[in-house]
Amino acid sequence: MRVLVINCGSSSIKYQLLDMKDERPLAKGLLERIGIAGSKLTHKKDDMKLTFERDIADHTEGLSWIISILTSKEDGVIKDVSEIQAVGHRVVHGGELFASSVLIDDRVIKEIEANSFLAPLHNPPNIEGILAAKKILPETPQVGVFDTAFHQSMEEKAYLYAIPRKYYKQYKVRRYGFHGTSHRYVAARTAQIMGKPLKDLKIITVHIGNGASIAAVKFGRSIDTSMGFTPLEGLVMGTRSGDLDPAIVLFLQEQESLSIREVNNLLNKESGMLGLTEGKFSDMRDIEERAIQGDNLCKVAHDVYEYRIAKYIGAYVAAMNGVDAITFTAGVGENSPHLRENVVNKYLGYLGITLDNEKNSKRGQEVFISTPESRTAVLVVPTNEELVIARDTREIVEKGIRELSMF
Ligand code: AMP
């Protein structure tokens with residue numbers, strides 16, 4: 001089966017076509033600037049990278065263009081559109097309605113729409129992508145895979161905030177958590193690499209990219225995660241603050257006469273590593289390079305970043321009453337030996353971890369970075385959300401089921 005995986009943003013479509021016989025990506029790419037002059041498509045197949053430019057008005061036109069390239073004689077990888085046997089969509093917010101991946105029908109589209117108030121920037125473009133695919137491939141089954149679904153296994157004690165309960169009832173204000181597809185993949189892969197059943201392991205998955213979150217995965221179920229009602233909570237991120245005293249928001253609003261939009265922008269776009277480095281850097285590569293050279297601003301920003309990760313690891317060891325493995329993933333987690341070394345060597349000695357420095361120097365590879373004698377295993381597992389989306393899509397379509405049973 002060939003599955004087209006689609007991830008739609010407000011002005012972008014990220015795609016990957018996978019051949020599920022060997023789970024190999026045949027082609028992948030990114031269309032940017034939809035609805036803005038100078039739309040650009042970057043298309044990769046094998047080792048070739050091609051770029052195209054053309055004005056694209058909306059997601060339907062964009063997806064048509066992508067499919068015409070996938071099927072084109074010169075740059076394509078399939079002969080005919082009928083070779084796409086299923087479409088898997090990344091959907092950001094499934095709210096409390098979706099605890100697993102589902103076959104998309106009109107009712108599901110309505111339910112995703114109903115969750116849009118929880119993710120007003122993300123769910124509407126996800127729906128645009130679904131409607132575009134329905135229009136272009138009306139006979140092809142489509143599946144929705146939700147970022148929040150994996151964390152629906154959290155208990156009330158982990159997902160409720162201590163604010164008047166009526167707000168949970170009225171507005172569904174609670175912890176949802178995000179990056180669920182990544183945490184799920186990485187935890188399962190960690191168990192496979194360790195050669196142990198997932199249901200026997202306590203794993204902490206540390207997804208640190210531009211966005212960052214951490215999850216406590218106990219016996220295969222997410223029992224807690226650092227992102228909350230929105231992706232703003234938790235770890236320090238590229239431009240997001242992560243945890244802070246909520247009273248700071250009130251204080252700054254009053255002092256600086258900030259509007260809701262301005263505060264939102266401040267915490268999501270101007271904070272995190274960018275804020276800590278006085279607006280200079282949000283990319284971890286820039287910060288690490290300067291921190292190592294002795295730039296104090298970057299060094300302190302890095303200290304704050306790694307300290308927050310270490311505190312969450314400690315909290316999740318407590319939440320699970322132990323830990324068997326800690327796994328790093330995403331841009332920073334996969335590629336920064338410096339960060340991993342600092343977190344482990346400065347803060348995790350009590351877990352009986354010794355780092356294998358040679359193995360820790362690797363980037364972007366599946367590898368144990370702890371020594372075999374370590375009481376707790378530490379690994380790096382490159383995440384692969386597209387593969388999870390494609391696998392769920394194949395399973396639902398092949399089995400002819402409406403919904404995947406996740407737990
Ligand atoms: P992601 O959102 O998963 O694509 O991750 C993006 C983040 O990964 C950016 O902050 C990058 O700076 C960071 N990153 C990528 N490569 C490296 C590297 N070699 N060392 C440190 N950080 C990296």
# chains A, B, ... in the order shown; residues from 1 in each chain; ligands from 1

call {"tool": "select_by_dssp", "arguments": {"residues": "stretch 300-335 of chain A", "states": "strand (DSSP E or B)", "output": "PyMOL selection string"}}
result
chain A and resi 325-329

call {"tool": "write_last_selection", "arguments": {"atoms": "N, CA and C atoms", "output": "PDB file, in the first residue's frame"}}
result
ATOM      1  N   ALA A 325      14.387   3.855  31.241  1.00  0.00           N
ATOM      2  CA  ALA A 325      15.110   4.444  30.104  1.00  0.00           C
ATOM      3  C   ALA A 325      14.697   5.893  29.895  1.00  0.00           C
ATOM      4  N   ILE A 326      15.668   6.679  29.458  1.00  0.00           N
ATOM      5  CA  ILE A 326      15.425   8.078  29.080  1.00  0.00           C
ATOM      6  C   ILE A 326      15.857   8.190  27.628  1.00  0.00           C
ATOM      7  N   THR A 327      14.952   8.694  26.777  1.00  0.00           N
ATOM      8  CA  THR A 327      15.281   8.744  25.349  1.00  0.00           C
ATOM      9  C   THR A 327      15.163  10.162  24.815  1.00  0.00           C
ATOM     10  N   PHE A 328      16.223  10.609  24.165  1.00  0.00           N
ATOM     11  CA  PHE A 328      16.240  11.944  23.553  1.00  0.00           C
ATOM     12  C   PHE A 328      15.831  11.849  22.091  1.00  0.00           C
ATOM     13  N   THR A 329      15.043  12.846  21.646  1.00  0.00           N
ATOM     14  CA  THR A 329      14.659  12.875  20.235  1.00  0.00           C
ATOM     15  C   THR A 329      14.438  14.314  19.762  1.00  0.00           C
TER      16      THR A 329
END

call {"tool": "residues_near_ligand", "arguments": {"ligand": "ligand 1", "cutoff": "9 Å", "atoms": "only C-alpha atoms and all ligand atoms", "output": "VMD selection string"}}
result
chain A and resid 207 to 212 237 to 238 282 to 289 329 to 339 363 to 364 383

call {"tool": "residues_around", "arguments": {"residues": "A:Ile313", "least_positions_apart": "5", "cutoff": "10 Å", "atoms": "only C-alpha atoms", "output": "list in words"}}
result
Ile204, Thr205, Val206, Ile214, Ala215, Ala216, Tyr307, Arg308, Ala318, Ala319, Val323, Ile326, Val343, Tyr347 and Leu348 of chain A

call {"tool": "residues_around", "arguments": {"residues": "stretch 47-59 of chain A", "least_positions_apart": "5", "cutoff": "9 Å", "atoms": "only C-alpha atoms", "output": "PyMOL selection string"}}
result
chain A and resi 8+10-13+29+33-42+64-65+75+125+128-129+131-132

call {"tool": "closest_residue", "arguments": {"among": "A:Lys166, A:His93, A:Arg175, A:Lys311", "to": "A:Glu111", "atoms": "only C-alpha atoms"}}
result
A:His93

call {"tool": "atom_distance", "arguments": {"atom1": "atom CA of A:Ile353", "atom2": "atom CA of A:Glu366"}}
result
18.2 Å

call {"tool": "select_by_dssp", "arguments": {"residues": "stretch 111-153 of chain A", "states": "alpha helix (DSSP H)", "output": "list in words"}}
result
Glu111, Ile112, Glu113, Ala114, Asn123, Pro124, Pro125, Asn126, Ile127, Glu128, Gly129, Ile130, Leu131, Ala132, Ala133, Lys134, Lys135 and Ile136 of chain A

call {"tool": "residues_around", "arguments": {"residues": "stretch 78-81 of chain A", "least_positions_apart": "5", "cutoff": "9 Å", "atoms": "only C-alpha atoms", "output": "VMD selection string"}}
result
chain A and resid 26 67 to 68 70 to 73 137

call {"tool": "write_last_selection", "arguments": {"atoms": "N, CA and C atoms", "output": "PDB file, in the first residue's frame"}}
result
ATOM      1  N   LEU A  26       9.013   7.309  -0.600  1.00  0.00           N
ATOM      2  CA  LEU A  26       9.339   7.394  -2.033  1.00  0.00           C
ATOM      3  C   LEU A  26       9.697   8.834  -2.395  1.00  0.00           C
ATOM      4  N   ILE A  67       0.404  16.581  -6.061  1.00  0.00           N
ATOM      5  CA  ILE A  67       0.082  15.289  -6.683  1.00  0.00           C
ATOM      6  C   ILE A  67       0.534  15.274  -8.142  1.00  0.00           C
ATOM      7  N   SER A  68       0.441  16.416  -8.819  1.00  0.00           N
ATOM      8  CA  SER A  68       0.888  16.436 -10.218  1.00  0.00           C
ATOM      9  C   SER A  68       2.399  16.213 -10.294  1.00  0.00           C
ATOM     10  N   LEU A  70       4.132  14.423  -7.952  1.00  0.00           N
ATOM     11  CA  LEU A  70       4.334  13.015  -7.569  1.00  0.00           C
ATOM     12  C   LEU A  70       4.064  12.072  -8.741  1.00  0.00           C
ATOM     13  N   THR A  71       3.167  12.497  -9.656  1.00  0.00           N
ATOM     14  CA  THR A  71       2.802  11.618 -10.781  1.00  0.00           C
ATOM     15  C   THR A  71       3.480  12.046 -12.094  1.00  0.00           C
ATOM     16  N   SER A  72       4.302  13.094 -12.046  1.00  0.00           N
ATOM     17  CA  SER A  72       4.889  13.580 -13.303  1.00  0.00           C
ATOM     18  C   SER A  72       5.956  12.622 -13.820  1.00  0.00           C
ATOM     19  N   LYS A  73       6.093  12.616 -15.139  1.00  0.00           N
ATOM     20  CA  LYS A  73       7.049  11.691 -15.787  1.00  0.00           C
ATOM     21  C   LYS A  73       8.477  11.964 -15.337  1.00  0.00           C
ATOM     22  N   LEU A 137      -9.118  13.438  -4.149  1.00  0.00           N
ATOM     23  CA  LEU A 137      -9.093  11.964  -4.122  1.00  0.00           C
ATOM     24  C   LEU A 137     -10.372  11.464  -3.429  1.00  0.00           C
TER      25      LEU A 137
END

call {"tool": "atom_distance", "arguments": {"atom1": "atom CA of A:Tyr305", "atom2": "atom CA of A:Glu262"}}
result
24.0 Å

call {"tool": "residues_around", "arguments": {"residues": "A:Lys110", "least_positions_apart": "4", "cutoff": "12 Å", "atoms": "only C-alpha atoms", "output": "JSON, numbers by chain"}}
result
{"A": [94, 97, 104, 105, 106, 114, 115, 116, 123, 124, 127, 130, 131]}

call {"tool": "residues_around", "arguments": {"residues": "stretch 192-195 of chain A", "least_positions_apart": "2", "cutoff": "12 Å", "atoms": "only C-alpha atoms", "output": "compact mmCIF listing (two decimals) with N, CA, C and O atoms, in the first residue's frame"}}
result
# COMPACT_ATOMS: atom_id res chain seq x y z
N TYR A 185 5.94 6.95 19.27
CA TYR A 185 6.91 6.25 18.41
C TYR A 185 8.21 5.98 19.17
O TYR A 185 8.75 4.88 19.17
N VAL A 186 8.69 7.02 19.82
CA VAL A 186 10.00 6.94 20.47
C VAL A 186 9.97 5.95 21.64
O VAL A 186 10.91 5.17 21.84
N ALA A 187 8.88 5.94 22.39
CA ALA A 187 8.77 4.99 23.51
C ALA A 187 8.75 3.56 22.98
O ALA A 187 9.45 2.68 23.49
N ALA A 188 7.95 3.32 21.93
CA ALA A 188 7.84 1.96 21.38
C ALA A 188 9.19 1.51 20.82
O ALA A 188 9.62 0.37 21.01
N ARG A 189 9.85 2.41 20.15
CA ARG A 189 11.16 2.08 19.54
C ARG A 189 12.20 1.82 20.65
O ARG A 189 13.04 0.93 20.52
N THR A 190 12.13 2.59 21.73
CA THR A 190 13.06 2.39 22.85
C THR A 190 12.93 0.96 23.38
O THR A 190 13.92 0.26 23.60
N PRO A 197 9.53 -5.88 26.50
CA PRO A 197 8.17 -5.45 26.17
C PRO A 197 7.90 -4.04 26.70
O PRO A 197 8.26 -3.73 27.84
N LEU A 198 7.26 -3.23 25.88
CA LEU A 198 6.92 -1.86 26.26
C LEU A 198 6.09 -1.86 27.55
O LEU A 198 6.21 -0.98 28.40
N LYS A 199 5.25 -2.88 27.70
CA LYS A 199 4.34 -2.91 28.86
C LYS A 199 5.08 -3.16 30.17
O LYS A 199 4.48 -3.11 31.24
N ASP A 200 6.39 -3.46 30.09
CA ASP A 200 7.15 -3.67 31.32
C ASP A 200 8.05 -2.48 31.67
O ASP A 200 8.80 -2.53 32.65
N LEU A 201 8.04 -1.44 30.83
CA LEU A 201 9.05 -0.39 30.99
C LEU A 201 8.49 0.96 31.43
O LEU A 201 7.36 1.33 31.06
N ILE A 203 9.47 4.72 30.81
CA ILE A 203 10.34 5.45 29.88
C ILE A 203 10.03 6.95 29.94
O ILE A 203 8.85 7.34 29.98
N ASP A 324 13.25 3.24 33.67
CA ASP A 324 14.17 2.27 33.06
C ASP A 324 14.99 2.89 31.95
O ASP A 324 16.13 2.49 31.73
N ALA A 325 14.39 3.86 31.24
CA ALA A 325 15.11 4.44 30.10
C ALA A 325 14.70 5.89 29.89
O ALA A 325 13.54 6.27 30.14
N ILE A 326 15.67 6.68 29.46
CA ILE A 326 15.43 8.08 29.08
C ILE A 326 15.86 8.19 27.63
O ILE A 326 16.98 7.80 27.28
N THR A 327 14.95 8.69 26.78
CA THR A 327 15.28 8.74 25.35
C THR A 327 15.16 10.16 24.82
O THR A 327 14.13 10.81 24.99
N GLU A 366 20.03 6.07 15.87
CA GLU A 366 19.52 5.28 17.00
C GLU A 366 20.71 4.71 17.74
O GLU A 366 21.50 3.96 17.17
N VAL A 367 20.85 5.06 19.01
CA VAL A 367 22.03 4.59 19.73
C VAL A 367 21.81 4.64 21.25
O VAL A 367 21.10 5.53 21.75
N PHE A 368 22.37 3.64 21.95
CA PHE A 368 22.45 3.73 23.41
C PHE A 368 23.59 4.68 23.71
O PHE A 368 24.72 4.46 23.24
N PRO A 372 26.71 -0.18 29.13
CA PRO A 372 25.89 -1.34 29.51
C PRO A 372 25.74 -1.47 31.03
O PRO A 372 24.76 -2.04 31.50
N THR A 376 20.22 2.96 34.62
CA THR A 376 19.14 3.47 33.76
C THR A 376 19.73 3.62 32.36
O THR A 376 20.83 4.16 32.20
N ALA A 377 18.99 3.15 31.35
CA ALA A 377 19.49 3.27 29.97
C ALA A 377 19.19 4.69 29.44
O ALA A 377 18.16 5.28 29.79
N VAL A 378 20.09 5.21 28.65
CA VAL A 378 19.84 6.49 27.97
C VAL A 378 20.06 6.26 26.48
O VAL A 378 21.08 5.68 26.08
N LEU A 379 19.09 6.69 25.68
CA LEU A 379 19.16 6.43 24.25
C LEU A 379 18.89 7.70 23.44
O LEU A 379 18.32 8.67 23.96
N VAL A 380 19.26 7.63 22.18
CA VAL A 380 18.82 8.61 21.20
C VAL A 380 18.01 7.84 20.17
O VAL A 380 18.47 6.80 19.69
N VAL A 381 16.81 8.30 19.88
CA VAL A 381 15.99 7.69 18.84
C VAL A 381 15.44 8.79 17.94
O VAL A 381 14.61 9.60 18.40

call {"tool": "closest_residue", "arguments": {"among": "A:Ala390, A:Ala133, A:Val344, A:Leu355", "to": "A:Asp22", "atoms": "only C-alpha atoms"}}
result
A:Ala390

call {"tool": "atom_distance", "arguments": {"atom1": "atom CA of A:Arg24", "atom2": "atom CA of A:Arg90"}}
result
18.5 Å
